[in-house]
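S.K.: Structure file my_file_8.txt (compact mmCIF, C-alpha atoms) right here:
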```txt
# COMPACT_ATOMS: atom_id res chain seq x y z
CA MET A 16 -20.97 -39.22 -44.98
CA ASP A 17 -22.28 -35.66 -44.74
CA SER A 18 -25.68 -35.20 -43.12
CA ALA A 19 -28.53 -34.49 -45.51
CA ARG A 20 -30.60 -31.35 -45.09
CA VAL A 21 -34.20 -32.10 -44.16
CA VAL A 22 -37.07 -30.08 -45.59
CA ILE A 23 -40.85 -30.13 -45.30
CA THR A 24 -42.65 -30.64 -48.61
CA GLY A 25 -46.15 -31.68 -47.57
CA LEU A 26 -48.70 -30.89 -44.86
CA GLY A 27 -51.78 -32.70 -43.61
CA ALA A 28 -54.10 -31.96 -40.71
CA VAL A 29 -57.51 -32.88 -39.39
CA THR A 30 -58.53 -30.84 -36.34
CA PRO A 31 -61.55 -29.44 -34.52
CA LEU A 32 -61.33 -26.54 -36.98
CA GLY A 33 -61.55 -28.63 -40.14
CA LEU A 34 -60.62 -31.71 -42.12
CA THR A 35 -57.78 -30.05 -44.03
CA VAL A 36 -54.80 -27.80 -43.44
CA ASN A 37 -56.48 -24.90 -45.24
CA GLU A 38 -59.62 -25.15 -43.09
CA THR A 39 -57.56 -25.35 -39.92
CA TRP A 40 -55.35 -22.41 -40.87
CA ALA A 41 -58.35 -20.29 -41.87
CA GLY A 42 -59.96 -21.04 -38.51
CA LEU A 43 -56.80 -20.12 -36.61
CA CYS A 44 -56.50 -16.84 -38.52
CA ALA A 45 -60.14 -16.03 -37.79
CA GLY A 46 -59.71 -16.78 -34.09
CA LYS A 47 -62.29 -19.53 -34.34
CA VAL A 48 -62.58 -21.87 -31.36
CA GLY A 49 -63.12 -25.55 -32.14
CA ILE A 50 -64.15 -26.44 -28.58
CA GLU A 51 -67.78 -27.32 -27.92
CA THR A 52 -70.03 -29.42 -25.72
CA ILE A 53 -69.25 -33.10 -26.18
CA THR A 54 -71.55 -34.91 -28.60
CA ALA A 55 -69.54 -38.11 -29.08
CA PHE A 56 -70.94 -39.44 -25.79
CA ASP A 57 -73.18 -38.20 -23.00
CA PRO A 58 -70.91 -36.22 -20.65
CA VAL A 59 -73.41 -36.10 -17.79
CA GLY A 60 -71.58 -36.45 -14.49
CA PHE A 61 -68.24 -35.29 -15.93
CA ASP A 62 -66.60 -32.20 -14.42
CA CYS A 63 -65.72 -31.02 -17.90
CA LYS A 64 -68.34 -31.47 -20.60
CA LEU A 65 -66.27 -29.88 -23.36
CA ALA A 66 -63.90 -31.16 -26.04
CA GLY A 67 -62.34 -30.31 -29.36
CA GLN A 68 -64.16 -32.59 -31.81
CA VAL A 69 -63.27 -33.16 -35.45
CA PRO A 70 -66.04 -32.44 -38.00
CA ASP A 71 -67.94 -35.43 -39.36
CA TYR A 72 -66.27 -37.53 -42.04
CA LYS A 73 -66.58 -41.00 -43.58
CA ILE A 74 -63.31 -42.90 -43.39
CA ARG A 75 -64.26 -45.06 -46.38
CA ASP A 76 -63.94 -41.94 -48.53
CA TYR A 77 -60.22 -41.80 -47.66
CA LEU A 78 -59.39 -45.44 -48.40
CA PRO A 79 -58.66 -47.38 -51.59
CA LYS A 80 -61.64 -49.60 -52.41
CA ASN A 81 -59.66 -52.79 -51.89
CA LEU A 82 -58.79 -51.81 -48.30
CA ARG A 83 -62.17 -50.60 -47.09
CA LYS A 84 -62.84 -53.90 -45.35
CA ALA A 85 -60.12 -52.92 -42.87
CA VAL A 86 -62.38 -50.18 -41.44
CA LYS A 87 -63.69 -52.63 -38.83
CA LEU A 88 -60.15 -52.83 -37.43
CA MET A 89 -59.65 -49.07 -37.14
CA SER A 90 -59.97 -47.03 -33.99
CA ARG A 91 -60.74 -43.33 -34.24
CA ASP A 92 -57.03 -42.56 -33.78
CA ILE A 93 -56.14 -44.69 -36.80
CA GLU A 94 -58.79 -43.04 -38.93
CA LEU A 95 -57.53 -39.54 -38.12
CA SER A 96 -53.97 -40.49 -39.03
CA ILE A 97 -55.11 -41.88 -42.38
CA VAL A 98 -56.98 -38.69 -43.29
CA ALA A 99 -54.04 -36.42 -42.43
CA ALA A 100 -51.47 -38.69 -44.10
CA GLY A 101 -53.43 -38.74 -47.34
CA GLU A 102 -53.58 -34.96 -47.47
CA ALA A 103 -49.86 -34.59 -46.69
CA LEU A 104 -48.81 -36.99 -49.43
CA ALA A 105 -51.05 -35.31 -52.00
CA ASP A 106 -49.80 -31.88 -50.94
CA ALA A 107 -46.22 -33.06 -51.44
CA GLY A 108 -47.04 -34.27 -54.94
CA LEU A 109 -46.11 -37.84 -54.08
CA VAL A 110 -47.92 -40.77 -55.66
CA THR A 111 -48.00 -43.95 -53.59
CA LYS A 112 -49.61 -47.31 -54.14
CA GLY A 113 -52.57 -46.11 -52.09
CA ILE A 114 -53.07 -43.05 -54.30
CA ASP A 115 -52.51 -44.47 -57.79
CA PRO A 116 -50.94 -47.95 -57.97
CA GLU A 117 -50.25 -47.57 -61.70
CA ASN A 118 -48.22 -44.37 -61.37
CA VAL A 119 -46.21 -44.67 -58.16
CA SER A 120 -43.55 -41.96 -57.93
CA VAL A 121 -41.74 -43.02 -54.75
CA ASP A 122 -39.39 -45.85 -53.89
CA PRO A 123 -41.26 -47.52 -50.99
CA GLU A 124 -38.02 -48.89 -49.57
CA ARG A 125 -36.62 -45.35 -49.30
CA MET A 126 -39.63 -43.96 -47.43
CA ALA A 127 -39.93 -43.97 -43.64
CA ILE A 128 -42.87 -43.50 -41.31
CA ASN A 129 -42.76 -42.19 -37.74
CA LEU A 130 -45.97 -41.39 -35.92
CA GLY A 131 -46.79 -40.31 -32.39
CA ALA A 132 -49.68 -42.13 -30.76
CA GLY A 133 -51.45 -42.08 -27.44
CA LEU A 134 -52.90 -44.70 -25.14
CA ILE A 135 -55.84 -45.63 -27.33
CA SER A 136 -58.94 -46.19 -25.22
CA CYS A 137 -61.53 -48.65 -26.45
CA ASP A 138 -65.16 -47.85 -27.19
CA LEU A 139 -67.23 -48.82 -24.17
CA VAL A 140 -70.03 -50.19 -26.34
CA GLU A 141 -67.61 -52.87 -27.54
CA LEU A 142 -66.80 -53.98 -24.00
CA ALA A 143 -70.24 -53.63 -22.46
CA PRO A 144 -71.63 -57.07 -23.50
CA ALA A 145 -68.45 -58.80 -22.33
CA VAL A 146 -68.53 -57.03 -18.98
CA ALA A 147 -72.23 -57.76 -18.56
CA ALA A 148 -71.54 -61.45 -19.13
CA SER A 149 -68.84 -61.38 -16.43
CA LEU A 150 -70.94 -60.21 -13.51
CA THR A 151 -71.70 -62.27 -10.42
CA ASP A 152 -74.20 -60.71 -8.02
CA GLY A 153 -73.65 -57.36 -9.70
CA LYS A 154 -69.86 -57.44 -9.35
CA PHE A 155 -67.17 -58.08 -11.96
CA ASP A 156 -65.97 -61.67 -11.74
CA ILE A 157 -62.57 -62.30 -13.34
CA HIS A 158 -63.27 -66.02 -13.54
CA ARG A 159 -66.49 -65.47 -15.48
CA TRP A 160 -64.60 -62.99 -17.66
CA GLY A 161 -62.15 -65.72 -18.66
CA LYS A 162 -64.86 -68.30 -19.29
CA GLU A 163 -67.76 -66.28 -20.71
CA GLY A 164 -67.05 -62.57 -21.00
CA ILE A 165 -64.07 -62.72 -23.31
CA GLU A 166 -66.09 -64.84 -25.73
CA GLN A 167 -68.17 -61.74 -26.47
CA ILE A 168 -65.14 -59.95 -27.98
CA THR A 169 -63.84 -60.55 -31.49
CA PRO A 170 -60.34 -62.13 -31.51
CA LEU A 171 -59.08 -59.21 -33.62
CA TRP A 172 -60.38 -56.60 -31.16
CA LEU A 173 -56.97 -55.70 -29.78
CA LEU A 174 -55.66 -54.75 -33.22
CA LYS A 175 -57.78 -51.60 -33.09
CA TYR A 176 -56.08 -50.36 -29.95
CA LEU A 177 -52.36 -51.01 -30.30
CA PRO A 178 -50.58 -47.63 -30.67
CA ASN A 179 -48.37 -48.86 -33.51
CA MET A 180 -51.43 -49.59 -35.65
CA LEU A 181 -51.58 -45.97 -36.83
CA ALA A 182 -48.27 -46.36 -38.62
CA CYS A 183 -49.19 -49.91 -39.66
CA HIS A 184 -52.40 -48.93 -41.43
CA VAL A 185 -50.92 -45.83 -43.07
CA GLY A 186 -47.87 -47.86 -44.08
CA ILE A 187 -49.96 -50.65 -45.58
CA ILE A 188 -52.21 -48.25 -47.50
CA HIS A 189 -49.29 -46.36 -49.03
CA ASP A 190 -46.82 -49.26 -49.20
CA ILE A 191 -44.21 -47.60 -47.00
CA GLN A 192 -41.37 -50.09 -46.57
CA GLY A 193 -38.60 -48.02 -44.98
CA PRO A 194 -37.82 -47.44 -41.29
CA SER A 195 -40.90 -47.29 -39.08
CA ASN A 196 -41.43 -46.32 -35.47
CA THR A 197 -44.19 -45.28 -33.11
CA ILE A 198 -43.55 -42.81 -30.30
CA THR A 199 -45.87 -43.02 -27.29
CA CYS A 200 -44.76 -40.06 -25.17
CA ALA A 201 -48.17 -38.43 -24.76
CA GLU A 202 -48.22 -34.75 -25.74
CA ALA A 203 -44.54 -34.76 -26.78
CA ALA A 204 -45.00 -37.74 -29.10
CA ALA A 205 -45.44 -35.86 -32.38
CA HIS A 206 -42.46 -33.57 -31.89
CA LEU A 207 -40.32 -36.58 -31.02
CA ALA A 208 -41.62 -38.56 -34.00
CA ILE A 209 -40.86 -35.70 -36.39
CA ALA A 210 -37.44 -35.27 -34.82
CA GLU A 211 -36.55 -38.94 -35.21
CA ALA A 212 -37.82 -38.99 -38.79
CA ALA A 213 -35.64 -35.98 -39.57
CA GLN A 214 -32.64 -37.80 -38.14
CA ILE A 215 -33.41 -40.85 -40.29
CA ILE A 216 -33.29 -38.67 -43.39
CA ALA A 217 -30.25 -36.73 -42.18
CA ARG A 218 -28.24 -39.94 -41.93
CA ARG A 219 -29.54 -40.95 -45.38
CA ALA A 220 -31.37 -44.07 -44.21
CA SER A 221 -34.39 -42.77 -46.15
CA ASP A 222 -35.10 -40.05 -48.71
CA ILE A 223 -38.64 -39.30 -47.60
CA ALA A 224 -40.51 -39.69 -44.31
CA LEU A 225 -44.11 -39.35 -43.28
CA ALA A 226 -44.12 -38.07 -39.70
CA GLY A 227 -46.48 -36.58 -37.14
CA GLY A 228 -49.05 -37.83 -34.69
CA ALA A 229 -52.71 -38.50 -34.04
CA GLU A 230 -54.92 -39.10 -31.04
CA ALA A 231 -58.62 -39.13 -30.23
CA LYS A 232 -59.16 -38.07 -26.64
CA VAL A 233 -62.93 -37.55 -26.94
CA ASN A 234 -63.58 -40.79 -25.12
CA PRO A 235 -65.22 -41.29 -21.70
CA ILE A 236 -62.29 -43.33 -20.37
CA VAL A 237 -59.80 -40.62 -21.36
CA MET A 238 -61.99 -37.83 -20.08
CA ILE A 239 -62.63 -39.37 -16.68
CA ARG A 240 -58.88 -39.80 -16.21
CA GLN A 241 -58.26 -36.13 -16.98
CA CYS A 242 -61.07 -35.17 -14.61
CA LEU A 243 -59.61 -37.31 -11.81
CA LEU A 244 -56.17 -35.77 -12.39
CA LYS A 245 -57.77 -32.30 -12.13
CA ARG A 246 -56.29 -31.28 -15.48
CA VAL A 247 -59.56 -30.09 -17.01
CA THR A 248 -61.54 -26.91 -16.57
CA SER A 249 -64.86 -27.43 -14.81
CA GLN A 250 -66.01 -23.80 -14.74
CA ASN A 251 -66.68 -23.03 -18.38
CA ASN A 252 -69.13 -25.70 -19.47
CA ASP A 253 -71.67 -23.03 -20.41
CA ASP A 254 -69.16 -21.04 -22.47
CA PRO A 255 -66.98 -23.37 -24.56
CA ALA A 256 -65.33 -20.61 -26.60
CA SER A 257 -63.69 -19.11 -23.52
CA ALA A 258 -62.87 -22.37 -21.72
CA CYS A 259 -59.20 -22.96 -22.57
CA ARG A 260 -57.04 -19.97 -21.59
CA PRO A 261 -53.27 -20.60 -21.92
CA PHE A 262 -51.13 -18.16 -19.94
CA ASP A 263 -54.22 -16.16 -18.91
CA ALA A 264 -54.90 -14.98 -15.38
CA ASP A 265 -58.33 -16.62 -15.48
CA ALA A 266 -57.13 -20.04 -16.68
CA LYS A 267 -58.90 -22.85 -14.86
CA GLY A 268 -57.65 -25.94 -16.66
CA SER A 269 -57.30 -27.59 -20.04
CA VAL A 270 -59.79 -28.95 -22.57
CA PHE A 271 -58.98 -32.14 -24.45
CA GLY A 272 -59.81 -33.14 -27.99
CA GLU A 273 -58.87 -35.07 -31.11
CA ALA A 274 -56.72 -34.35 -34.15
CA ALA A 275 -53.99 -35.57 -36.47
CA GLY A 276 -51.08 -33.72 -37.99
CA VAL A 277 -48.66 -35.06 -40.59
CA VAL A 278 -45.69 -33.57 -42.41
CA ILE A 279 -43.72 -34.99 -45.30
CA LEU A 280 -40.00 -34.69 -44.60
CA GLU A 281 -37.57 -35.03 -47.43
CA ASN A 282 -33.90 -34.96 -48.28
CA LEU A 283 -33.31 -31.52 -49.82
CA GLU A 284 -31.51 -33.05 -52.79
CA ASN A 285 -34.40 -35.40 -53.45
CA ALA A 286 -36.95 -32.60 -53.14
CA GLU A 287 -35.07 -30.35 -55.54
CA LYS A 288 -34.52 -33.16 -58.01
CA ARG A 289 -38.25 -33.79 -58.34
CA GLY A 290 -39.13 -30.10 -58.31
CA ALA A 291 -41.12 -30.24 -55.08
CA LYS A 292 -42.33 -27.11 -53.33
CA ILE A 293 -40.38 -26.61 -50.14
CA TYR A 294 -42.13 -25.03 -47.16
CA ALA A 295 -39.43 -25.05 -44.51
CA GLU A 296 -36.33 -26.79 -43.26
CA VAL A 297 -36.00 -28.70 -39.98
CA VAL A 298 -32.82 -27.23 -38.54
CA GLY A 299 -32.99 -27.78 -34.79
CA ILE A 300 -34.05 -30.60 -32.49
CA GLY A 301 -33.94 -30.75 -28.71
CA GLN A 302 -35.33 -33.01 -26.01
CA SER A 303 -34.96 -33.58 -22.30
CA ASN A 304 -36.99 -34.51 -19.22
CA ASN A 305 -38.55 -32.61 -16.38
CA ILE A 306 -38.01 -34.16 -12.99
CA ASN A 307 -40.98 -33.56 -10.74
CA PRO A 308 -42.27 -36.02 -8.11
CA ALA A 309 -45.75 -34.76 -9.01
CA TYR A 310 -45.48 -36.41 -12.42
CA GLU A 311 -48.64 -34.84 -13.84
CA HIS A 312 -47.05 -31.36 -13.83
CA LEU A 313 -43.86 -29.67 -14.96
CA GLU A 314 -41.38 -28.77 -12.25
CA PRO A 315 -42.09 -25.13 -11.25
CA ASP A 316 -39.03 -23.66 -12.98
CA GLY A 317 -39.61 -25.64 -16.18
CA HIS A 318 -35.92 -26.52 -16.34
CA GLY A 319 -36.42 -29.71 -18.35
CA LEU A 320 -38.29 -27.82 -21.07
CA GLN A 321 -35.69 -25.05 -20.97
CA ILE A 322 -32.99 -27.62 -21.76
CA ALA A 323 -34.94 -28.95 -24.75
CA ILE A 324 -35.43 -25.43 -26.15
CA GLU A 325 -31.79 -24.53 -25.67
CA LYS A 326 -30.69 -27.74 -27.37
CA ALA A 327 -32.95 -27.09 -30.36
CA ILE A 328 -31.65 -23.54 -30.76
CA ALA A 329 -28.04 -24.72 -30.45
CA ASP A 330 -28.67 -27.50 -32.98
CA ALA A 331 -30.08 -24.91 -35.40
CA GLN A 332 -26.89 -22.87 -34.92
CA ILE A 333 -28.86 -19.68 -34.35
CA LYS A 334 -29.30 -17.21 -31.53
CA PRO A 335 -32.57 -16.73 -29.63
CA GLU A 336 -33.05 -13.33 -31.27
CA ASP A 337 -33.16 -15.04 -34.69
CA LEU A 338 -36.53 -16.55 -33.76
CA ASP A 339 -39.62 -14.68 -34.92
CA LEU A 340 -42.25 -17.07 -33.57
CA VAL A 341 -42.68 -19.49 -30.69
CA ILE A 342 -45.66 -21.85 -30.54
CA PRO A 343 -45.67 -23.09 -26.95
CA HIS A 344 -47.43 -26.09 -25.46
CA GLY A 345 -49.74 -23.81 -23.45
CA THR A 346 -52.44 -26.07 -21.99
CA GLY A 347 -54.43 -23.67 -19.82
CA ILE A 348 -53.32 -25.46 -16.65
CA SER A 349 -52.00 -22.50 -14.65
CA CYS A 350 -49.06 -24.09 -12.84
CA ASP A 351 -47.82 -25.76 -16.03
CA ASP A 352 -48.27 -22.60 -18.11
CA MET A 353 -46.24 -20.61 -15.60
CA ALA A 354 -43.50 -23.26 -15.56
CA GLU A 355 -43.42 -23.25 -19.36
CA ALA A 356 -43.33 -19.44 -19.43
CA ALA A 357 -40.35 -19.54 -17.07
CA ALA A 358 -38.62 -22.12 -19.27
CA ILE A 359 -39.13 -20.12 -22.47
CA ALA A 360 -38.00 -16.88 -20.83
CA ALA A 361 -34.90 -18.53 -19.40
CA ALA A 362 -33.99 -20.17 -22.72
CA LEU A 363 -34.50 -17.05 -24.82
CA GLY A 364 -33.08 -14.52 -22.37
CA GLU A 365 -33.51 -10.87 -23.26
CA ALA A 366 -34.85 -11.82 -26.71
CA ALA A 367 -38.00 -13.26 -25.12
CA ALA A 368 -39.51 -9.81 -24.80
CA ASP A 369 -39.56 -9.36 -28.58
CA ILE A 370 -40.41 -12.83 -29.91
CA ALA A 371 -44.09 -13.41 -30.62
CA VAL A 372 -45.58 -16.32 -28.65
CA TRP A 373 -48.74 -17.80 -30.16
CA PRO A 374 -50.55 -20.51 -28.15
CA THR A 375 -53.03 -22.58 -30.19
CA LYS A 376 -54.78 -24.89 -27.72
CA SER A 377 -57.31 -22.21 -26.83
CA MET A 378 -58.72 -22.90 -30.31
CA LEU A 379 -57.67 -26.49 -31.00
CA SER A 380 -57.83 -28.04 -27.49
CA ASN A 381 -55.18 -30.38 -26.13
CA THR A 382 -55.08 -33.18 -28.70
CA GLY A 383 -52.42 -35.29 -27.01
CA ALA A 384 -50.05 -37.09 -29.36
CA ALA A 385 -51.29 -34.97 -32.27
CA CYS A 386 -50.75 -31.52 -30.82
CA GLY A 387 -47.03 -31.14 -31.62
CA ALA A 388 -47.53 -32.04 -35.27
CA VAL A 389 -50.53 -29.73 -35.60
CA ASP A 390 -48.42 -26.91 -34.14
CA ILE A 391 -45.64 -27.66 -36.63
CA VAL A 392 -48.20 -27.44 -39.44
CA ALA A 393 -49.44 -24.13 -38.00
CA ALA A 394 -45.88 -22.80 -37.81
CA VAL A 395 -45.23 -23.72 -41.44
CA CYS A 396 -48.48 -22.02 -42.50
CA ALA A 397 -47.47 -18.90 -40.57
CA MET A 398 -44.11 -18.87 -42.36
CA LYS A 399 -45.70 -19.43 -45.75
CA GLU A 400 -48.31 -16.70 -45.30
CA GLY A 401 -46.09 -14.28 -43.39
CA LYS A 402 -48.73 -13.99 -40.70
CA ILE A 403 -48.96 -14.58 -36.96
CA PRO A 404 -52.64 -14.84 -35.93
CA ALA A 405 -53.81 -13.34 -32.66
CA ALA A 406 -53.85 -15.47 -29.55
CA VAL A 407 -57.33 -16.28 -28.23
CA ASN A 408 -58.44 -16.21 -24.59
CA CYS A 409 -55.36 -14.47 -23.21
CA SER A 410 -56.80 -11.04 -22.49
CA ARG A 411 -54.94 -10.65 -19.19
CA LYS A 412 -51.63 -12.44 -18.76
CA ALA A 413 -51.13 -14.35 -15.55
CA ASP A 414 -48.97 -12.62 -12.96
CA GLY A 415 -45.34 -13.51 -13.55
CA CYS A 416 -45.79 -14.40 -17.23
CA SER A 417 -43.38 -12.22 -19.20
CA LEU A 418 -43.95 -13.80 -22.60
CA ASN A 419 -44.81 -11.64 -25.60
CA ILE A 420 -48.22 -13.19 -26.27
CA ALA A 421 -49.46 -12.30 -29.76
CA SER A 422 -52.45 -10.22 -28.68
CA GLU A 423 -53.13 -8.99 -32.21
CA SER A 424 -52.73 -10.54 -35.63
CA ARG A 425 -49.69 -9.29 -37.49
CA ASP A 426 -48.19 -9.65 -40.93
CA THR A 427 -44.48 -10.30 -40.60
CA ARG A 428 -41.62 -12.21 -42.12
CA ILE A 429 -40.85 -15.30 -40.08
CA ARG A 430 -37.28 -16.50 -40.49
CA TYR A 431 -37.19 -19.13 -37.74
CA ALA A 432 -39.98 -20.63 -35.65
CA LEU A 433 -39.79 -22.83 -32.57
CA SER A 434 -42.45 -25.22 -31.33
CA CYS A 435 -42.19 -27.09 -28.03
CA SER A 436 -44.11 -29.54 -25.89
CA TYR A 437 -43.98 -31.57 -22.70
CA THR A 438 -45.84 -34.50 -21.20
CA TYR A 439 -47.43 -35.07 -17.83
CA GLY A 440 -44.95 -37.93 -17.51
CA GLY A 441 -41.78 -35.90 -17.96
CA GLN A 442 -40.65 -35.87 -21.61
CA THR A 443 -39.92 -32.49 -23.20
CA ALA A 444 -39.22 -31.65 -26.84
CA ALA A 445 -38.59 -28.70 -29.14
CA VAL A 446 -38.18 -28.27 -32.90
CA VAL A 447 -36.82 -25.26 -34.82
CA LEU A 448 -37.91 -24.60 -38.40
CA LYS A 449 -36.28 -22.32 -40.94
CA ASN A 450 -38.29 -20.54 -43.61
CA SER A 451 -37.35 -21.94 -47.01
CA LYS A 452 -37.36 -18.42 -48.42
CA CYS A 453 -34.63 -17.20 -46.05
```
Show me the file's structure as structure tokens.

M.R.:
Amino acid sequence: MDSARVVITGLGAVTPLGLTVNETWAGLCAGKVGIETITAFDPVGFDCKLAGQVPDYKIRDYLPKNLRKAVKLMSRDIELSIVAAGEALADAGLVTKGIDPENVSVDPERMAINLGAGLISCDLVELAPAVAASLTDGKFDIHRWGKEGIEQITPLWLLKYLPNMLACHVGIIHDIQGPSNTITCAEAAAHLAIAEAAQIIARRASDIALAGGAEAKVNPIVMIRQCLLKRVTSQNNDDPASACRPFDADAKGSVFGEAAGVVILENLENAEKRGAKIYAEVVGIGQSNNINPAYEHLEPDGHGLQIAIEKAIADAQIKPEDLDLVIPHGTGISCDDMAEAAAIAAALGEAAADIAVWPTKSMLSNTGAACGAVDIVAAVCAMKEGKIPAAVNCSRKADGCSLNIASESRDTRIRYALSCSYTYGGQTAAVVLKNSKC
């Protein structure tokens, strides 16, 4: 059976720049920075007191009335995925059971769901009473935990923090009955989830797929881990807007945050049959691993990421010079940025000097399992609008970085765009998109 062509027909995003794709895109175009002093908890004592926080919302407003009781079983990560998924489905013009049960327009058995998720950290206020009940002479006592402490926690507590619950809740709300999977490969999770969903459609196991990722890293447990790993900046707490500086000579570390990004992938034939608007086509997928004993960083030459990029370009059956835009991972961690710059330059060869590179984390923060999907959404918006916004906080490229950082906003036709990512554990991924108007 011939492989089906896979297109993007819907977009959804909730980020530090807004609760919708349009708000996020407008913020990116304006060079707005969504990083600020943490308000979700008191960051006193933390090296980094900054994060990318999503604007206030009420999750009940995004749920069918009959499912609002499930809110008590939703972590922040789950909530973000629900908001983004709802927007993506509406944008695609799809009607599910969760949108209008009397006028469903999709076959739930022919719809897949693949979401990237992170290691969901619990809210400390939920654990505090249980821990307090487990102390003996001021120290945690595992025996008291088993006898008394655990009694302070609801039996359903764990259901809020299983990574697969993002896809479960979204799937239940919208009655998605096709293939389902959750990818937990940290910052590469969303790219990998979108890639797998595209492959599901390509082999005709589904006609439509909801794919992307979500993660809420504005959590004291997450933040202390990043501080201990020395991945965060500790020198810009008084100037949040300039804190995250991918590929810049003055980069001092990353800033973490929360977001969700979702795309609706669809068999081209199915999309055309129902008259859907088509944003772009997924034409190239690549993945690999970096091999570095210091697992929290890329290997210095970025070879694992280079392989993923080269595979994606080869899969798209294009040449590097056909690319008009690259959205890199670009965390603001100097050694990783330089390794990524080396990987991109090696993969693109001489064409690297001419291809615009637009890092987004300086504005959006590092949102973990969401960041790849948010970058895919940004790439599609750039294609649709024919615009590459200016990079923020890269006023002086780091020595040795030869990438063509988009220092100024430009209006241009984007034929192909590439987005890539890597994790502090080794996974690398890249996706190539083709403009539907090309």

S.K.: Fewer than 4 positions away in the same chain doesn't count, so skip those; otherwise give me all residues within 8 Å of region 247-264 of chain A, counting all atoms listed in the file, as a tab-separated table (two decimals) with C-alpha atoms, in the frame of the given file.

M.R.:
```
chain	number	residue	atom	x	y	z
A	48	VAL	CA	-62.58	-21.87	-31.36
A	49	GLY	CA	-63.12	-25.55	-32.14
A	50	ILE	CA	-64.15	-26.44	-28.58
A	51	GLU	CA	-67.78	-27.32	-27.92
A	52	THR	CA	-70.03	-29.42	-25.72
A	62	ASP	CA	-66.60	-32.20	-14.42
A	63	CYS	CA	-65.72	-31.02	-17.90
A	64	LYS	CA	-68.34	-31.47	-20.60
A	65	LEU	CA	-66.27	-29.88	-23.36
A	241	GLN	CA	-58.26	-36.13	-16.98
A	242	CYS	CA	-61.07	-35.17	-14.61
A	268	GLY	CA	-57.65	-25.94	-16.66
A	269	SER	CA	-57.30	-27.59	-20.04
A	270	VAL	CA	-59.79	-28.95	-22.57
A	271	PHE	CA	-58.98	-32.14	-24.45
A	345	GLY	CA	-49.74	-23.81	-23.45
A	346	THR	CA	-52.44	-26.07	-21.99
A	347	GLY	CA	-54.43	-23.67	-19.82
A	348	ILE	CA	-53.32	-25.46	-16.65
A	349	SER	CA	-52.00	-22.50	-14.65
A	352	ASP	CA	-48.27	-22.60	-18.11
A	353	MET	CA	-46.24	-20.61	-15.60
A	356	ALA	CA	-43.33	-19.44	-19.43
A	374	PRO	CA	-50.55	-20.51	-28.15
A	376	LYS	CA	-54.78	-24.89	-27.72
A	377	SER	CA	-57.31	-22.21	-26.83
A	378	MET	CA	-58.72	-22.90	-30.31
A	380	SER	CA	-57.83	-28.04	-27.49
A	407	VAL	CA	-57.33	-16.28	-28.23
A	408	ASN	CA	-58.44	-16.21	-24.59
A	409	CYS	CA	-55.36	-14.47	-23.21
A	410	SER	CA	-56.80	-11.04	-22.49
A	411	ARG	CA	-54.94	-10.65	-19.19
A	412	LYS	CA	-51.63	-12.44	-18.76
A	413	ALA	CA	-51.13	-14.35	-15.55
A	414	ASP	CA	-48.97	-12.62	-12.96
A	416	CYS	CA	-45.79	-14.40	-17.23
```

S.K.: Quick one: of A:Ala127, A:Ala286, A:Val277, A:Ala201, who's nearest to Ala19 (chain A), counting all atoms listed in the file?

M.R.: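 Answer, going by the shortest atom-to-atom distance: A:Ala286.
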
S.K.: Closest to Lys112 (chain A) among A:Thr39, A:Ser422, A:Asn81, A:Thr199, using only C-alpha atoms?

M.R.: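 Of all the options, A:Asn81 lies closest to Lys112 (chain A).
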
S.K.: Would you mind reading off the distance between CA of Asn285 (chain A) and CA of Arg20 (chain A), one decimal, in Å?

M.R.: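 We find that CA of Asn285 (chain A) and CA of Arg20 (chain A) lie 10.0 Å from each other.
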
S.K.: As AutoDock Vina command-line options, what would the box around region 48-67 of chain A look like: edges along x, y and z, 6 Å added on every side, centre and edge lengths in Å to one decimal?

M.R.:
```
--center_x -67.9 --center_y -30.7 --center_z -23.3 --size_x 23.1 --size_y 29.6 --size_z 29.7
```

S.K.: Counting all atoms listed in the file, which residues come within 12 Å of (-54.6, -49.0, -33.4), with the point read in the file's coordinates, and could you list them as a PyMOL selection string?

M.R.: chain A and resi 85-97+130-137+171-185+197+229-231

S.K.: Find the residues around region 138-146 of chain A up to 12 Å (all atoms listed in the file counted), leave out those fewer than 4 positions away in its own chain, and share them as number ranges by chain.

M.R.: A: 55-56, 87, 89-92, 150-151, 153-169, 172-173, 175-176, 231-237

S.K.: Which residues of region 203-254 of chain A come within 12 Å of region 103-111 of chain A, and for each one, what is the closest pair of atoms and their distance in Å to one decimal, counting only C-alpha atoms, sorted by chain and residue number, as JSON lines?

M.R.:
```
{"residue": "A:Ile223", "atom": "CA", "partner": "A:Leu109", "partner_atom": "CA", "distance": 10.0}
{"residue": "A:Ala224", "atom": "CA", "partner": "A:Leu104", "partner_atom": "CA", "distance": 10.1}
{"residue": "A:Leu225", "atom": "CA", "partner": "A:Leu104", "partner_atom": "CA", "distance": 8.1}
{"residue": "A:Ala226", "atom": "CA", "partner": "A:Ala103", "partner_atom": "CA", "distance": 9.7}
{"residue": "A:Gly227", "atom": "CA", "partner": "A:Ala103", "partner_atom": "CA", "distance": 10.3}
```

S.K.: Using CA of Lys334 (chain A) and CA of His312 (chain A) as the two end points, give the distance in Å to one decimal.

M.R.: 28.8 Å

S.K.: Ala354 (chain A): which residues within 8 Å, counting all atoms listed in the file, same-chain residues fewer than 6 positions away excluded, as a PDB file with C-alpha atoms, keeping the file's coordinate frame?

M.R.:
```pdb
ATOM      1  CA  LEU A 313     -43.860 -29.670 -14.960  1.00  0.00           C
ATOM      2  CA  GLU A 314     -41.380 -28.770 -12.250  1.00  0.00           C
ATOM      3  CA  PRO A 315     -42.090 -25.130 -11.250  1.00  0.00           C
ATOM      4  CA  ASP A 316     -39.030 -23.660 -12.980  1.00  0.00           C
ATOM      5  CA  GLY A 317     -39.610 -25.640 -16.180  1.00  0.00           C
TER       6      GLY A 317
END
```
